[in-house]
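K.L.:
Provided herewith: data.pdb, PDB, C-alpha atoms.
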```
MODEL        1
ATOM      1  CA  MET K   1     -38.548   0.704  37.168
ATOM      2  CA  ASN K   2     -37.446  -1.143  34.073
ATOM      3  CA  LYS K   3     -34.024   0.467  34.279
ATOM      4  CA  LEU K   4     -33.682  -0.617  37.901
ATOM      5  CA  ARG K   5     -34.609  -4.181  36.973
ATOM      6  CA  THR K   6     -32.072  -4.212  34.152
ATOM      7  CA  PHE K   7     -29.411  -2.852  36.500
ATOM      8  CA  PHE K   8     -30.085  -5.511  39.160
ATOM      9  CA  SER K   9     -30.206  -8.318  36.621
ATOM     10  CA  SER K  10     -26.862  -7.204  35.168
ATOM     11  CA  MET K  11     -25.387  -7.030  38.697
ATOM     12  CA  LEU K  12     -26.630 -10.557  39.412
ATOM     13  CA  LYS K  13     -25.054 -11.744  36.171
ATOM     14  CA  VAL K  14     -21.755 -10.198  37.203
ATOM     15  CA  PHE K  15     -21.806 -11.874  40.633
ATOM     16  CA  PHE K  16     -23.090 -15.290  39.645
ATOM     17  CA  ASN K  17     -21.835 -15.738  36.113
ATOM     18  CA  SER K  18     -18.564 -13.811  36.235
ATOM     19  CA  ASN K  19     -16.553 -16.868  35.165
ATOM     20  CA  GLN K  20     -18.731 -17.218  32.090
ATOM     21  CA  ALA K  21     -18.434 -13.579  31.076
ATOM     22  CA  GLU K  22     -17.389 -13.164  27.467
ATOM     23  CA  VAL K  23     -14.879 -10.510  26.542
ATOM     24  CA  VAL K  24     -15.765  -9.086  23.165
ATOM     25  CA  LEU K  25     -12.831  -7.363  21.457
ATOM     26  CA  ARG K  26     -14.181  -4.876  18.995
ATOM     27  CA  PRO K  27     -11.855  -3.551  16.288
ATOM     28  CA  LEU K  28     -10.620  -0.046  16.984
ATOM     29  CA  PRO K  29     -11.562   2.773  14.647
ATOM     30  CA  ARG K  30      -8.793   3.462  12.119
ATOM     31  CA  GLU K  31      -7.768   6.865  13.464
ATOM     32  CA  ARG K  32      -7.720   5.641  17.069
ATOM     33  CA  GLU K  33      -5.554   2.693  16.029
ATOM     34  CA  ARG K  34      -3.072   4.984  14.277
ATOM     35  CA  LYS K  35      -2.898   7.278  17.305
ATOM     36  CA  LEU K  36      -2.213   4.312  19.566
ATOM     37  CA  VAL K  37       0.541   3.035  17.268
ATOM     38  CA  ALA K  38       2.037   6.522  17.162
ATOM     39  CA  THR K  39       2.017   6.645  20.970
ATOM     40  CA  PHE K  40       3.756   3.322  21.510
ATOM     41  CA  ALA K  41       6.065   3.165  18.463
ATOM     42  CA  ARG K  42       9.787   3.749  18.912
ATOM     43  CA  GLY K  43      12.666   3.819  16.446
ATOM     44  CA  ASN K  44      10.803   4.573  13.225
ATOM     45  CA  ILE K  45       9.750   8.096  12.395
ATOM     46  CA  ASN K  46       6.837   7.024  10.168
ATOM     47  CA  LEU K  47       5.431   4.648  12.766
ATOM     48  CA  GLN K  48       5.820   7.373  15.398
ATOM     49  CA  SER K  49       3.683   9.590  13.151
ATOM     50  CA  GLY K  50       1.101   6.808  12.749
ATOM     51  CA  ARG K  51       1.955   6.432   9.055
ATOM     52  CA  TYR K  52       1.967   2.837   7.917
ATOM     53  CA  THR K  53       0.318   0.663   5.298
ATOM     54  CA  THR K  54      -1.233  -2.630   6.293
ATOM     55  CA  THR K  55      -2.585  -5.459   4.145
ATOM     56  CA  GLU K  56      -6.093  -4.122   4.864
ATOM     57  CA  ASP K  57      -5.124  -0.696   3.487
ATOM     58  CA  LEU K  58      -3.767  -2.364   0.385
ATOM     59  CA  GLU K  59      -6.934  -4.406  -0.060
ATOM     60  CA  ARG K  60      -8.986  -1.228   0.286
ATOM     61  CA  ILE K  61      -6.996   0.472  -2.494
ATOM     62  CA  LYS K  62      -7.310  -2.636  -4.678
ATOM     63  CA  ALA K  63     -11.066  -2.774  -4.134
ATOM     64  CA  SER K  64     -11.475   0.918  -4.942
ATOM     65  CA  LEU K  65      -9.483   0.520  -8.178
ATOM     66  CA  ARG K  66     -11.258  -2.663  -9.298
ATOM     67  CA  GLY K  67     -12.615  -2.169 -12.806
ATOM     68  CA  TYR K  68     -11.140   1.327 -13.086
ATOM     69  CA  ARG K  69      -9.603   2.385 -16.425
ATOM     70  CA  PHE K  70      -6.898   5.034 -16.479
ATOM     71  CA  SER K  71      -6.665   5.425 -20.217
ATOM     72  CA  PRO K  72      -9.518   7.123 -22.078
ATOM     73  CA  ARG K  73      -8.749   4.853 -25.082
ATOM     74  CA  GLN K  74     -10.798   1.670 -25.345
TER      75      GLN K  74
ATOM     76  CA  MET X   1      27.751 -19.609  11.378
ATOM     77  CA  THR X   2      28.144 -21.142  14.826
ATOM     78  CA  ALA X   3      31.163 -23.250  15.673
ATOM     79  CA  THR X   4      28.936 -26.246  16.465
ATOM     80  CA  LEU X   5      27.288 -25.991  13.098
ATOM     81  CA  ARG X   6      30.626 -25.640  11.341
ATOM     82  CA  ALA X   7      31.844 -28.769  13.114
ATOM     83  CA  SER X   8      28.687 -30.686  12.284
ATOM     84  CA  LEU X   9      28.972 -30.021   8.570
ATOM     85  CA  GLY X  10      31.417 -31.325   6.055
ATOM     86  CA  ASP X  11      33.736 -28.895   4.218
ATOM     87  CA  GLY X  12      31.636 -28.770   1.019
ATOM     88  CA  GLN X  13      28.380 -28.346   2.884
ATOM     89  CA  GLU X  14      29.863 -25.608   5.054
ATOM     90  CA  LEU X  15      30.970 -23.662   2.006
ATOM     91  CA  GLU X  16      27.577 -24.029   0.344
ATOM     92  CA  ASP X  17      25.717 -22.864   3.443
ATOM     93  CA  GLU X  18      28.032 -19.923   3.889
ATOM     94  CA  GLU X  19      27.388 -18.935   0.294
ATOM     95  CA  LEU X  20      23.663 -19.203   0.945
ATOM     96  CA  LEU X  21      24.015 -17.108   4.090
ATOM     97  CA  PHE X  22      25.903 -14.429   2.173
ATOM     98  CA  SER X  23      23.247 -14.427  -0.530
ATOM     99  CA  ILE X  24      20.536 -14.093   2.165
ATOM    100  CA  GLN X  25      22.449 -11.196   3.692
ATOM    101  CA  LYS X  26      22.560  -9.523   0.256
ATOM    102  CA  LEU X  27      18.867 -10.180  -0.374
ATOM    103  CA  PHE X  28      17.979  -8.941   3.116
ATOM    104  CA  GLN X  29      19.932  -5.742   2.503
ATOM    105  CA  GLU X  30      18.237  -5.241  -0.868
ATOM    106  CA  ALA X  31      14.821  -5.763   0.740
ATOM    107  CA  GLU X  32      15.767  -3.251   3.449
ATOM    108  CA  ASP X  33      16.792  -0.753   0.773
ATOM    109  CA  ASP X  34      13.523  -1.251  -1.115
ATOM    110  CA  ILE X  35      11.463  -0.816   2.062
ATOM    111  CA  LYS X  36      13.448   2.332   2.953
ATOM    112  CA  GLY X  37      12.995   3.636  -0.588
ATOM    113  CA  VAL X  38       9.237   3.164  -0.373
ATOM    114  CA  GLU X  39       9.211   4.757   3.078
ATOM    115  CA  GLN X  40      11.041   7.809   1.805
ATOM    116  CA  SER X  41       8.902   8.256  -1.295
ATOM    117  CA  SER X  42       5.467   7.561   0.180
ATOM    118  CA  LEU X  43       6.204   8.431   3.851
ATOM    119  CA  ASP X  44       4.533   5.168   4.866
ATOM    120  CA  LEU X  45       6.005   2.102   6.505
ATOM    121  CA  CYS X  46       4.926  -0.979   4.552
ATOM    122  CA  THR X  47       4.179  -3.487   7.285
ATOM    123  CA  PRO X  48       3.602  -6.560   5.033
ATOM    124  CA  ALA X  49       7.167  -6.250   3.692
ATOM    125  CA  VAL X  50       8.601  -5.816   7.194
ATOM    126  CA  ASN X  51       6.606  -8.867   8.228
ATOM    127  CA  GLU X  52       8.219 -10.901   5.427
ATOM    128  CA  LEU X  53      11.658  -9.905   6.722
ATOM    129  CA  ARG X  54      10.580 -11.125  10.146
ATOM    130  CA  TYR X  55       9.801 -14.525   8.574
ATOM    131  CA  ALA X  56      13.181 -14.445   6.820
ATOM    132  CA  GLY X  57      14.953 -13.872  10.146
ATOM    133  CA  HIS X  58      12.968 -16.701  11.690
ATOM    134  CA  HIS X  59      14.125 -19.139   8.981
ATOM    135  CA  VAL X  60      17.764 -18.012   9.224
ATOM    136  CA  LEU X  61      17.718 -18.753  12.945
ATOM    137  CA  LYS X  62      16.037 -22.110  12.336
ATOM    138  CA  GLY X  63      18.714 -22.895   9.766
ATOM    139  CA  LEU X  64      21.500 -21.952  12.163
ATOM    140  CA  VAL X  65      20.282 -24.360  14.850
ATOM    141  CA  ALA X  66      19.208 -27.144  12.461
ATOM    142  CA  SER X  67      20.961 -30.449  13.078
ATOM    143  CA  ALA X  68      20.705 -31.917   9.565
ATOM    144  CA  PRO X  69      22.515 -30.155   6.707
ATOM    145  CA  GLU X  70      19.512 -30.631   4.390
ATOM    146  CA  GLU X  71      17.227 -28.985   6.939
ATOM    147  CA  CYS X  72      19.698 -26.118   7.326
ATOM    148  CA  GLU X  73      19.866 -25.579   3.557
ATOM    149  CA  GLU X  74      16.077 -25.730   3.254
ATOM    150  CA  GLN X  75      15.638 -23.101   5.961
ATOM    151  CA  TYR X  76      18.136 -20.790   4.217
ATOM    152  CA  ARG X  77      16.291 -21.195   0.942
ATOM    153  CA  ARG X  78      13.019 -20.328   2.653
ATOM    154  CA  ALA X  79      14.652 -17.263   4.187
ATOM    155  CA  SER X  80      15.864 -16.090   0.774
ATOM    156  CA  ARG X  81      12.367 -16.538  -0.688
ATOM    157  CA  HIS X  82      10.901 -14.428   2.107
ATOM    158  CA  CYS X  83      13.479 -11.723   1.357
ATOM    159  CA  LEU X  84      12.378 -11.720  -2.281
ATOM    160  CA  ARG X  85       8.763 -11.592  -1.207
ATOM    161  CA  ALA X  86       9.556  -8.647   1.093
ATOM    162  CA  ARG X  87      11.059  -6.784  -1.866
ATOM    163  CA  TYR X  88       8.027  -7.562  -4.001
ATOM    164  CA  ASP X  89       5.588  -6.495  -1.256
ATOM    165  CA  ALA X  90       7.395  -3.174  -0.833
ATOM    166  CA  VAL X  91       7.325  -2.461  -4.581
ATOM    167  CA  GLU X  92       3.715  -3.632  -4.835
ATOM    168  CA  ILE X  93       2.553  -1.258  -2.093
ATOM    169  CA  ARG X  94       4.359   1.607  -3.800
ATOM    170  CA  LEU X  95       2.750   0.737  -7.136
ATOM    171  CA  TRP X  96      -0.767   0.580  -5.717
ATOM    172  CA  SER X  97      -0.273   3.906  -3.958
ATOM    173  CA  LEU X  98       0.978   5.415  -7.253
ATOM    174  CA  LEU X  99      -2.126   4.083  -9.020
ATOM    175  CA  ASP X 100      -4.280   5.538  -6.250
ATOM    176  CA  GLU X 101      -2.558   8.941  -6.510
ATOM    177  CA  PHE X 102      -3.010   9.023 -10.283
ATOM    178  CA  ARG X 103      -6.660   8.045  -9.977
ATOM    179  CA  ALA X 104      -7.133  10.964  -7.522
ATOM    180  CA  PHE X 105      -5.455  13.263 -10.061
ATOM    181  CA  GLN X 106      -7.801  12.095 -12.833
ATOM    182  CA  LYS X 107     -10.817  12.531 -10.569
ATOM    183  CA  ASP X 108      -9.782  16.083  -9.619
ATOM    184  CA  TYR X 109      -9.445  17.144 -13.273
ATOM    185  CA  GLN X 110     -12.185  15.132 -14.964
ATOM    186  CA  ALA X 111     -13.812  18.396 -16.110
ATOM    187  CA  VAL X 112     -10.622  19.558 -17.867
ATOM    188  CA  SER X 113      -8.991  18.344 -21.057
ATOM    189  CA  ILE X 114      -5.638  17.280 -19.607
ATOM    190  CA  PRO X 115      -3.802  16.672 -22.965
ATOM    191  CA  GLN X 116      -3.836  20.410 -23.725
ATOM    192  CA  VAL X 117      -1.405  20.852 -20.808
ATOM    193  CA  TRP X 118       0.220  17.411 -20.966
ATOM    194  CA  PRO X 119       0.544  16.213 -24.598
ATOM    195  CA  ASP X 120       1.573  12.566 -23.918
ATOM    196  CA  TYR X 121      -0.959  12.174 -21.121
ATOM    197  CA  VAL X 122      -2.917   9.357 -22.816
ATOM    198  CA  ASP X 123       0.248   7.276 -23.340
ATOM    199  CA  CYS X 124       1.156   7.807 -19.679
ATOM    200  CA  ALA X 125      -2.344   6.781 -18.554
ATOM    201  CA  GLU X 126      -2.020   3.574 -20.569
ATOM    202  CA  LYS X 127       1.071   2.644 -18.562
ATOM    203  CA  PHE X 128      -1.074   2.719 -15.420
ATOM    204  CA  ASP X 129      -3.551   0.322 -17.024
ATOM    205  CA  VAL X 130      -0.718  -2.034 -17.996
ATOM    206  CA  THR X 131       0.702  -1.912 -14.456
ATOM    207  CA  MET X 132      -2.666  -2.576 -12.878
ATOM    208  CA  ALA X 133      -3.167  -5.578 -15.160
ATOM    209  CA  LEU X 134       0.284  -6.860 -14.127
ATOM    210  CA  LEU X 135      -0.489  -6.463 -10.413
ATOM    211  CA  ASN X 136      -3.889  -8.113 -10.772
ATOM    212  CA  SER X 137      -2.347 -11.083 -12.567
ATOM    213  CA  VAL X 138      -0.195 -11.958  -9.546
ATOM    214  CA  LYS X 139      -1.553 -14.704  -7.335
ATOM    215  CA  LYS X 140      -0.233 -14.162  -3.830
ATOM    216  CA  THR X 141       0.306 -16.964  -1.372
ATOM    217  CA  GLU X 142       0.163 -17.102   2.394
ATOM    218  CA  PRO X 143       3.571 -16.862   4.137
ATOM    219  CA  SER X 144       3.288 -20.537   5.108
ATOM    220  CA  ASP X 145       2.838 -21.556   1.453
ATOM    221  CA  ILE X 146       5.671 -19.428   0.122
ATOM    222  CA  ASP X 147       7.730 -22.460  -0.846
ATOM    223  CA  ASP X 148       4.986 -24.229  -2.768
ATOM    224  CA  GLN X 149       4.805 -21.769  -5.629
ATOM    225  CA  GLY X 150       6.813 -22.448  -8.726
ATOM    226  CA  ASP X 151       6.523 -19.071 -10.479
ATOM    227  CA  ASN X 152       9.432 -16.870 -11.435
ATOM    228  CA  ARG X 153       9.572 -14.377  -8.578
ATOM    229  CA  VAL X 154      12.781 -12.701  -9.733
ATOM    230  CA  ASP X 155      11.235 -11.936 -13.116
ATOM    231  CA  LEU X 156       8.050 -10.624 -11.484
ATOM    232  CA  LEU X 157      10.068  -8.460  -9.111
ATOM    233  CA  GLU X 158      12.037  -6.962 -11.998
ATOM    234  CA  ARG X 159       8.869  -6.228 -13.958
ATOM    235  CA  THR X 160       7.211  -4.509 -11.009
ATOM    236  CA  ARG X 161      10.357  -2.509 -10.225
ATOM    237  CA  GLU X 162      10.516  -1.409 -13.861
ATOM    238  CA  ALA X 163       6.848  -0.376 -13.684
ATOM    239  CA  SER X 164       7.604   1.607 -10.524
ATOM    240  CA  ARG X 165      10.520   3.328 -12.272
ATOM    241  CA  GLN X 166       8.173   4.301 -15.130
ATOM    242  CA  LEU X 167       5.259   5.486 -13.000
ATOM    243  CA  GLU X 168       7.182   7.523 -10.385
ATOM    244  CA  PRO X 169       8.123  10.335 -12.838
ATOM    245  CA  ILE X 170       4.591  10.355 -14.284
ATOM    246  CA  VAL X 171       3.062  10.917 -10.845
ATOM    247  CA  SER X 172       5.638  13.658 -10.184
ATOM    248  CA  LYS X 173       4.698  15.220 -13.533
ATOM    249  CA  ALA X 174       1.021  15.038 -12.538
ATOM    250  CA  LYS X 175       1.820  17.098  -9.444
ATOM    251  CA  ILE X 176       3.431  19.772 -11.643
ATOM    252  CA  ALA X 177       0.570  19.611 -14.174
ATOM    253  CA  ARG X 178      -1.858  20.382 -11.333
ATOM    254  CA  ILE X 179      -0.564  23.984 -11.261
ATOM    255  CA  GLU X 180      -1.475  24.626 -14.918
ATOM    256  CA  LEU X 181      -4.699  22.599 -14.730
ATOM    257  CA  ASN X 182      -5.802  24.625 -11.688
ATOM    258  CA  LYS X 183      -5.402  27.780 -13.790
ATOM    259  CA  ILE X 184      -7.656  26.261 -16.484
ATOM    260  CA  LEU X 185     -10.202  25.256 -13.837
ATOM    261  CA  ASP X 186     -10.130  28.804 -12.416
ATOM    262  CA  ASP X 187     -10.667  30.216 -15.928
ATOM    263  CA  GLN X 188     -13.616  27.860 -16.453
ATOM    264  CA  LYS X 189     -15.136  28.910 -13.132
ATOM    265  CA  ARG X 190     -14.624  32.589 -14.011
ATOM    266  CA  GLN X 191     -16.322  32.093 -17.396
ATOM    267  CA  ILE X 192     -19.264  30.316 -15.752
ATOM    268  CA  ARG X 193     -19.611  33.164 -13.223
ATOM    269  CA  MET X 194     -19.510  35.731 -16.053
ATOM    270  CA  GLY X 195     -22.129  33.737 -17.968
ATOM    271  CA  ILE X 196     -24.431  33.685 -14.943
ATOM    272  CA  TRP X 197     -23.967  37.464 -14.467
ATOM    273  CA  ALA X 198     -24.703  38.056 -18.159
ATOM    274  CA  ILE X 199     -27.954  36.078 -17.865
ATOM    275  CA  VAL X 200     -28.942  37.982 -14.689
ATOM    276  CA  VAL X 201     -28.189  41.382 -16.266
ATOM    277  CA  THR X 202     -30.116  40.449 -19.454
ATOM    278  CA  PHE X 203     -33.045  39.282 -17.338
ATOM    279  CA  ILE X 204     -33.059  42.519 -15.316
ATOM    280  CA  GLY X 205     -32.814  44.514 -18.585
ATOM    281  CA  ILE X 206     -35.844  42.677 -20.003
ATOM    282  CA  ILE X 207     -37.867  43.316 -16.826
ATOM    283  CA  VAL X 208     -36.911  47.032 -16.799
ATOM    284  CA  THR X 209     -37.840  47.325 -20.482
ATOM    285  CA  ILE X 210     -41.228  45.704 -19.822
ATOM    286  CA  ILE X 211     -41.911  48.018 -16.826
ATOM    287  CA  VAL X 212     -40.881  51.196 -18.717
ATOM    288  CA  THR X 213     -42.879  50.362 -21.828
TER     289      THR X 213
ENDMDL
END
```
Take the structure in this file and express it as structure tokens.
P.N.:
Amino acid sequence: MNKLRTFFSSMLKVFFNSNQAEVVLRPLPRERERKLVATFARGNINLQSGRYTTTEDLERIKASLRGYRFSPRQ
Amino acid sequence: MTATLRASLGDGQELEDEELLFSIQKLFQEAEDDIKGVEQSSLDLCTPAVNELRYAGHHVLKGLVASAPEECEEQYRRASRHCLRARYDAVEIRLWSLLDEFRAFQKDYQAVSIPQVWPDYVDCAEKFDVTMALLNSVKKTEPSDIDDQGDNRVDLLERTREASRQLEPIVSKAKIARIELNKILDDQKRQIRMGIWAIVVTFIGIIVTIIVT
């Protein structure tokens, strides 16, 4: 019964408040994004393979290396 | 340069702008080469660098249609700065990926003494620390603020390119060292297995001795 009520209330919202409906754009998962880029890319073999580095990727590497020491010497 | 622009400028101005355009063309080509180089070595397209070239193209076009000679010159200068920034971004991405690769190497072989296979390993590792300190010291600006910064970009670019030239062979060497280090890891695993078997056999021997006696 509850489900039915929820369904009808959502239908009413669609019919009466359709102009106020908010479109929420959620970020795509990383792998899905790369697959989409690979599908639509033309002219660059790396882009066509979904291989590219963005500023976010760079920031991720920077964050993971923050405070890291390569040399065992102090 | 368009005929209208040529006509609108005096002789001296025209020459100066043409020189600037040629220098932008050279810088653009160098940035292209750097981006291609990074693409070939890391098999990744560095989008921030490509984006900077897009800004450079935008300023060249703005310069070409600018009515005032000063505006035209300013746009060309902005374009050249974006080309330099594109080169730096490409080298920077390569450097961070080299640091990341070397960190992965160190993580994979943290249980092994690497210097027994690679004698100057510690000196090489120090170069990565120096490079990371250099990269962390750079304060990056937004593309819109690129003209406000008064630092020496050419010097910074040269230093990062030099760091890249130093680190590339080290990372290649790390890939080769993996073969020998894997053998050491296999030996260690074999010794551990033998140790476990020795303990098990001794334990069984003790139990049998107790039962028989």
K.L.:
Using the chain letters and numbers from the file, which residues does the PyMOL selection byres ((chain X) within 6 of (chain K)) grab, as a PyMOL selection string?
P.N.:
chain X and resi 44-47+125-126+129
K.L.:
Could you please determine the separation between CA of Leu95 (chain X) and CA of Met132 (chain X) in Å, to one decimal place?
P.N.:
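Calculated distance between CA of Leu95 (chain X) and CA of Met132 (chain X) is 8.6 Å.
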K.L.:
Which residues, named as in the file, does the PyMOL selection byres ((chain X and resi 58) around 12) pick out? Answer as a list in words.
P.N.:
Asn51, Glu52, Leu53, Arg54, Tyr55, Ala56, Gly57, His59, Val60, Leu61, Lys62, Gly63, Leu64, Val65, Gln75, Tyr76, Arg78, Ala79, Ser80, His82 and Cys83 of chain X
K.L.:
Have a look at CA of Asp100 (chain X) and CA of Ile35 (chain X) and let me know their distance in Å, one decimal.
P.N.:
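Calculated distance between CA of Asp100 (chain X) and CA of Ile35 (chain X) is 18.9 Å.
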K.L.:
Provide the CA of Val38 (chain X) to CA of Ala163 (chain X) distance in Å, to one decimal place.
P.N.:
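So the two atoms, CA of Val38 (chain X) and CA of Ala163 (chain X), lie 14.0 Å apart.
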